Amino acid sequence: MQETRDKYEFHVFWEPYFLRPDTPEEGTVIPYNRLSSPSLITAGKAVGIDFTGASKLLPNTTQAHTLLEFAKTEDKTGKKQNDLQEILFKAFFTDGTPFDTNSLLLAAESVGLNKEAAKVYIENPENKEKVAKKAYDRNIREIGRASCRERV
């Protein structure tokens with residue numbers, strides 16, 4: 001995308017995809033830190049992700065994915081959603097920040113989303129259920145594909 005950005009206009013939209021669909025709502029303690037293996041650290045550096053292994057909990061990401069859906073409804077260009085995804089990646093993989101409601105809302109606010117509207121959206125059981133269904137459907141259909149789609 002970087003090499004052809006002067007020829008094409010790209011919009012990146014993130015779709016929900018659960019790497020670990022059976023993760024309980026409270027998350028799962030990481031028994032050893034596989035998020036800081038040498039091969040993962042090297043692969044991450046190549047794409048600008050600093051895998052520090054600071055997180056000790058694999059989160060249930062339903063609420064984070066619901067927040068990303070909210071961002072998509074609020075900004076049709078995808079910019080805020082993509083910026084939010086970058087913040088969430090860094091929060092988890094680099095900083096070890098848990099995906100609790102407060103940290104998600106701070107991330108939303110940092111990209112210019114209305115914090116109160118985001119809270120209402122991510123706490124709505126119907127929105128969470130729609131996102132979970134979308135993710136489970138995608139997991140079944142697209143095992144092994146990335147959760148990001150590029151549109152020209």
# chains A, B, ... in the order shown; residues from 1 in each chain; ligands from 1
call {"tool": "select_by_dssp", "arguments": {"residues": "region 2-145 of chain A", "states": "helix (DSSP H, G or I)", "output": "MDAnalysis selection string"}}
result
chainID A and resid 2:4 34:36 38:46 62:74 79:95 101:110 115:123 125:141
call {"tool": "residues_around", "arguments": {"residues": "region 124-135 of chain A", "least_positions_apart": "5", "cutoff": "12 Å", "atoms": "only C-alpha atoms", "output": "count of residues only"}}
result
31
call {"tool": "residues_around", "arguments": {"residues": "region 47-50 of chain A", "least_positions_apart": "2", "cutoff": "10 Å", "atoms": "only C-alpha atoms", "output": "list of chain:residue names"}}
result
A:Ser36, A:Leu40, A:Ile41, A:Thr42, A:Ala43, A:Gly44, A:Lys45, A:Thr52, A:Gly53, A:Glu86, A:Phe89, A:Lys90, A:Phe93, A:Thr94, A:Asp95
call {"tool": "write_last_selection", "arguments": {"atoms": "N, CA and C atoms", "output": "tab-separated table (two decimals), in the first residue's frame"}}
result
chain	number	residue	atom	x	y	z
A	36	SER	N	6.47	-13.21	23.60
A	36	SER	CA	7.79	-12.59	23.50
A	36	SER	C	8.84	-13.59	23.01
A	40	LEU	N	8.66	-14.32	17.15
A	40	LEU	CA	7.57	-13.35	17.15
A	40	LEU	C	8.11	-11.92	17.27
A	41	ILE	N	9.10	-11.73	18.11
A	41	ILE	CA	9.72	-10.41	18.26
A	41	ILE	C	10.30	-9.94	16.92
A	42	THR	N	11.00	-10.84	16.23
A	42	THR	CA	11.60	-10.50	14.94
A	42	THR	C	10.52	-10.17	13.90
A	43	ALA	N	9.48	-11.00	13.84
A	43	ALA	CA	8.40	-10.76	12.87
A	43	ALA	C	7.69	-9.45	13.19
A	44	GLY	N	7.47	-9.17	14.46
A	44	GLY	CA	6.82	-7.93	14.86
A	44	GLY	C	7.61	-6.70	14.49
A	45	LYS	N	8.91	-6.75	14.74
A	45	LYS	CA	9.76	-5.60	14.41
A	45	LYS	C	9.69	-5.26	12.92
A	52	THR	N	6.53	-7.12	23.56
A	52	THR	CA	7.32	-7.08	24.80
A	52	THR	C	7.01	-8.23	25.75
A	53	GLY	N	5.85	-8.83	25.58
A	53	GLY	CA	5.42	-9.86	26.52
A	53	GLY	C	4.92	-9.29	27.83
A	86	GLU	N	-4.62	0.33	15.78
A	86	GLU	CA	-3.19	0.50	16.05
A	86	GLU	C	-2.96	0.74	17.54
A	89	PHE	N	-3.52	-2.59	19.39
A	89	PHE	CA	-2.38	-3.48	19.19
A	89	PHE	C	-1.24	-3.10	20.14
A	90	LYS	N	-0.89	-1.82	20.14
A	90	LYS	CA	0.20	-1.34	21.00
A	90	LYS	C	-0.14	-1.55	22.48
A	93	PHE	N	0.08	-5.65	22.93
A	93	PHE	CA	1.34	-6.32	22.62
A	93	PHE	C	2.58	-5.62	23.17
A	94	THR	N	2.52	-4.30	23.32
A	94	THR	CA	3.69	-3.56	23.79
A	94	THR	C	3.55	-3.16	25.26
A	95	ASP	N	2.43	-2.53	25.58
A	95	ASP	CA	2.26	-1.97	26.92
A	95	ASP	C	1.69	-2.95	27.94
call {"tool": "select_by_dssp", "arguments": {"residues": "chain A", "states": "strand (DSSP E or B)", "output": "MDAnalysis selection string"}}
result
chainID A and resid 11:14 28:29 57:58 148:151
call {"tool": "residues_around", "arguments": {"residues": "Val29 (chain A)", "least_positions_apart": "3", "cutoff": "7 Å", "atoms": "only C-alpha atoms", "output": "VMD selection string"}}
result
chain A and resid 56 to 58
call {"tool": "write_last_selection", "arguments": {"atoms": "all heavy atoms", "output": "compact mmCIF listing (two decimals), in the first residue's frame"}}
result
# COMPACT_ATOMS: atom_id res chain seq x y z
N LYS A 56 0.09 -10.33 30.71
CA LYS A 56 0.06 -11.65 31.35
C LYS A 56 -1.31 -12.29 31.20
O LYS A 56 -1.57 -13.35 31.75
CB LYS A 56 0.40 -11.52 32.84
CG LYS A 56 1.74 -10.85 33.10
CD LYS A 56 2.89 -11.58 32.44
CE LYS A 56 4.21 -10.89 32.70
NZ LYS A 56 5.16 -11.00 31.65
N LEU A 57 -2.20 -11.65 30.43
CA LEU A 57 -3.56 -12.14 30.27
C LEU A 57 -3.97 -12.08 28.80
O LEU A 57 -3.82 -11.04 28.16
CB LEU A 57 -4.51 -11.27 31.10
CG LEU A 57 -5.96 -11.71 31.16
CD1 LEU A 57 -6.10 -12.95 32.04
CD2 LEU A 57 -6.82 -10.59 31.73
N LEU A 58 -4.44 -13.20 28.28
CA LEU A 58 -5.03 -13.19 26.94
C LEU A 58 -6.48 -12.76 27.12
O LEU A 58 -7.26 -13.45 27.79
CB LEU A 58 -4.99 -14.59 26.33
CG LEU A 58 -3.64 -15.09 25.87
CD1 LEU A 58 -3.71 -16.55 25.45
CD2 LEU A 58 -3.12 -14.24 24.72
call {"tool": "residues_around", "arguments": {"residues": "region 74-81 of chain A", "least_positions_apart": "3", "cutoff": "7 Å", "atoms": "only C-alpha atoms", "output": "list in words"}}
result
His11, Val12, Phe13, Leu68, Phe70, Ala71, Leu84, Gln85 and Val111 of chain A
call {"tool": "write_last_selection", "arguments": {"atoms": "N, CA, C and O atoms", "output": "short mmCIF file (atom, residue, chain, number, x, y, z; two decimals), in the first residue's frame"}}
result
data_model
loop_
_atom_site.label_atom_id
_atom_site.label_comp_id
_atom_site.auth_asym_id
_atom_site.auth_seq_id
_atom_site.Cartn_x
_atom_site.Cartn_y
_atom_site.Cartn_z
N HIS A 11 -8.59 2.51 1.82
CA HIS A 11 -9.34 2.60 3.07
C HIS A 11 -9.25 1.22 3.73
O HIS A 11 -9.59 0.22 3.09
N VAL A 12 -8.77 1.18 4.95
CA VAL A 12 -8.62 -0.08 5.67
C VAL A 12 -9.75 -0.20 6.68
O VAL A 12 -10.00 0.73 7.45
N PHE A 13 -10.45 -1.33 6.64
CA PHE A 13 -11.52 -1.61 7.59
C PHE A 13 -11.21 -2.93 8.27
O PHE A 13 -10.86 -3.90 7.61
N LEU A 68 -14.44 -1.46 17.85
CA LEU A 68 -13.99 -1.25 16.47
C LEU A 68 -15.17 -1.13 15.51
O LEU A 68 -15.13 -0.35 14.56
N PHE A 70 -18.07 0.08 16.40
CA PHE A 70 -18.59 1.42 16.68
C PHE A 70 -17.79 2.46 15.89
O PHE A 70 -18.37 3.35 15.27
N ALA A 71 -16.48 2.34 15.91
CA ALA A 71 -15.63 3.29 15.17
C ALA A 71 -15.96 3.27 13.69
O ALA A 71 -16.00 4.33 13.05
N LEU A 84 -7.60 3.40 15.87
CA LEU A 84 -7.98 2.72 17.10
C LEU A 84 -7.36 1.33 17.16
O LEU A 84 -6.83 0.91 18.20
N GLN A 85 -7.40 0.61 16.06
CA GLN A 85 -6.79 -0.73 16.02
C GLN A 85 -5.30 -0.65 16.32
O GLN A 85 -4.77 -1.49 17.06
N VAL A 111 -8.81 8.77 19.68
CA VAL A 111 -8.92 8.89 18.22
C VAL A 111 -10.09 9.78 17.81
O VAL A 111 -10.43 9.85 16.63
#
call {"tool": "atom_distance", "arguments": {"atom1": "CA of Phe10 (chain A)", "atom2": "CA of Phe99 (chain A)"}}
result
28.4 Å
call {"tool": "decode", "arguments": {"residues": "region 85-127 of chain A", "atoms": "N, CA and C atoms", "output": "CSV table (one decimal), in the first residue's frame"}}
result
chain,number,residue,atom,x,y,z
A,85,GLN,N,-7.4,0.6,16.1
A,85,GLN,CA,-6.8,-0.7,16.0
A,85,GLN,C,-5.3,-0.7,16.3
A,86,GLU,N,-4.6,0.3,15.8
A,86,GLU,CA,-3.2,0.5,16.0
A,86,GLU,C,-3.0,0.7,17.5
A,87,ILE,N,-3.8,1.5,18.2
A,87,ILE,CA,-3.7,1.8,19.6
A,87,ILE,C,-3.9,0.6,20.4
A,88,LEU,N,-4.9,-0.2,20.0
A,88,LEU,CA,-5.2,-1.5,20.7
A,88,LEU,C,-4.1,-2.5,20.6
A,89,PHE,N,-3.5,-2.6,19.4
A,89,PHE,CA,-2.4,-3.5,19.2
A,89,PHE,C,-1.2,-3.1,20.1
A,90,LYS,N,-0.9,-1.8,20.1
A,90,LYS,CA,0.2,-1.3,21.0
A,90,LYS,C,-0.1,-1.5,22.5
A,91,ALA,N,-1.4,-1.2,22.8
A,91,ALA,CA,-1.8,-1.4,24.2
A,91,ALA,C,-1.6,-2.8,24.7
A,92,PHE,N,-2.0,-3.8,23.9
A,92,PHE,CA,-1.9,-5.2,24.3
A,92,PHE,C,-0.4,-5.7,24.1
A,93,PHE,N,0.1,-5.6,22.9
A,93,PHE,CA,1.3,-6.3,22.6
A,93,PHE,C,2.6,-5.6,23.2
A,94,THR,N,2.5,-4.3,23.3
A,94,THR,CA,3.7,-3.6,23.8
A,94,THR,C,3.6,-3.2,25.3
A,95,ASP,N,2.4,-2.5,25.6
A,95,ASP,CA,2.3,-2.0,26.9
A,95,ASP,C,1.7,-2.9,27.9
A,96,GLY,N,1.0,-4.0,27.5
A,96,GLY,CA,0.4,-5.0,28.4
A,96,GLY,C,-0.9,-4.5,29.0
A,97,THR,N,-1.5,-3.5,28.4
A,97,THR,CA,-2.7,-2.9,29.0
A,97,THR,C,-3.9,-3.9,28.8
A,98,PRO,N,-4.6,-4.1,29.9
A,98,PRO,CA,-5.8,-5.0,29.7
A,98,PRO,C,-6.9,-4.3,28.9
A,99,PHE,N,-7.7,-5.2,28.3
A,99,PHE,CA,-8.9,-4.6,27.5
A,99,PHE,C,-10.1,-4.5,28.4
A,100,ASP,N,-10.0,-3.7,29.5
A,100,ASP,CA,-11.2,-3.4,30.3
A,100,ASP,C,-11.9,-2.2,29.7
A,101,THR,N,-13.1,-2.0,30.1
A,101,THR,CA,-14.0,-1.0,29.6
A,101,THR,C,-13.3,0.4,29.6
A,102,ASN,N,-12.7,0.7,30.7
A,102,ASN,CA,-12.0,2.0,30.9
A,102,ASN,C,-10.9,2.2,29.9
A,103,SER,N,-10.0,1.3,29.7
A,103,SER,CA,-8.9,1.4,28.8
A,103,SER,C,-9.4,1.5,27.3
A,104,LEU,N,-10.5,0.7,27.0
A,104,LEU,CA,-11.0,0.8,25.7
A,104,LEU,C,-11.6,2.2,25.4
A,105,LEU,N,-12.3,2.7,26.4
A,105,LEU,CA,-13.0,4.1,26.2
A,105,LEU,C,-11.9,5.2,26.1
A,106,LEU,N,-10.8,5.0,26.8
A,106,LEU,CA,-9.7,6.0,26.7
A,106,LEU,C,-9.1,5.9,25.3
A,107,ALA,N,-9.0,4.7,24.8
A,107,ALA,CA,-8.5,4.6,23.4
A,107,ALA,C,-9.4,5.2,22.4
A,108,ALA,N,-10.7,5.0,22.6
A,108,ALA,CA,-11.7,5.5,21.7
A,108,ALA,C,-11.6,7.1,21.7
A,109,GLU,N,-11.6,7.6,22.9
A,109,GLU,CA,-11.5,9.1,23.0
A,109,GLU,C,-10.2,9.6,22.3
A,110,SER,N,-9.1,8.9,22.4
A,110,SER,CA,-7.9,9.4,21.9
A,110,SER,C,-7.9,9.5,20.3
A,111,VAL,N,-8.8,8.8,19.7
A,111,VAL,CA,-8.9,8.9,18.2
A,111,VAL,C,-10.1,9.8,17.8
A,112,GLY,N,-10.7,10.5,18.8
A,112,GLY,CA,-11.7,11.4,18.5
A,112,GLY,C,-13.2,10.9,18.5
A,113,LEU,N,-13.3,9.7,19.1
A,113,LEU,CA,-14.7,9.2,19.2
A,113,LEU,C,-15.3,9.7,20.5
A,114,ASN,N,-16.6,9.8,20.5
A,114,ASN,CA,-17.4,10.2,21.7
A,114,ASN,C,-17.3,9.1,22.7
A,115,LYS,N,-16.7,9.3,23.9
A,115,LYS,CA,-16.5,8.3,24.9
A,115,LYS,C,-17.8,7.8,25.4
A,116,GLU,N,-18.8,8.7,25.7
A,116,GLU,CA,-20.1,8.2,26.2
A,116,GLU,C,-20.9,7.4,25.2
A,117,ALA,N,-20.9,7.8,24.0
A,117,ALA,CA,-21.6,7.1,22.9
A,117,ALA,C,-20.9,5.7,22.7
A,118,ALA,N,-19.6,5.7,22.8
A,118,ALA,CA,-18.9,4.4,22.7
A,118,ALA,C,-19.2,3.5,23.8
A,119,LYS,N,-19.3,4.0,25.0
A,119,LYS,CA,-19.7,3.2,26.2
A,119,LYS,C,-21.0,2.6,26.0
A,120,VAL,N,-22.0,3.4,25.6
A,120,VAL,CA,-23.4,2.8,25.4
A,120,VAL,C,-23.3,1.7,24.3
A,121,TYR,N,-22.6,1.9,23.3
A,121,TYR,CA,-22.5,1.0,22.2
A,121,TYR,C,-21.8,-0.3,22.6
A,122,ILE,N,-20.7,-0.3,23.3
A,122,ILE,CA,-20.0,-1.5,23.6
A,122,ILE,C,-20.6,-2.3,24.8
A,123,GLU,N,-21.4,-1.6,25.6
A,123,GLU,CA,-22.1,-2.3,26.7
A,123,GLU,C,-23.5,-2.8,26.2
A,124,ASN,N,-23.9,-2.5,25.0
A,124,ASN,CA,-25.2,-3.0,24.5
A,124,ASN,C,-25.0,-4.5,24.2
A,125,PRO,N,-25.8,-5.4,24.8
A,125,PRO,CA,-25.6,-6.8,24.6
A,125,PRO,C,-25.9,-7.2,23.1
A,126,GLU,N,-26.9,-6.5,22.5
A,126,GLU,CA,-27.2,-6.8,21.1
A,126,GLU,C,-26.0,-6.5,20.2
A,127,ASN,N,-25.3,-5.4,20.4
A,127,ASN,CA,-24.1,-5.1,19.6
A,127,ASN,C,-23.0,-6.1,19.8
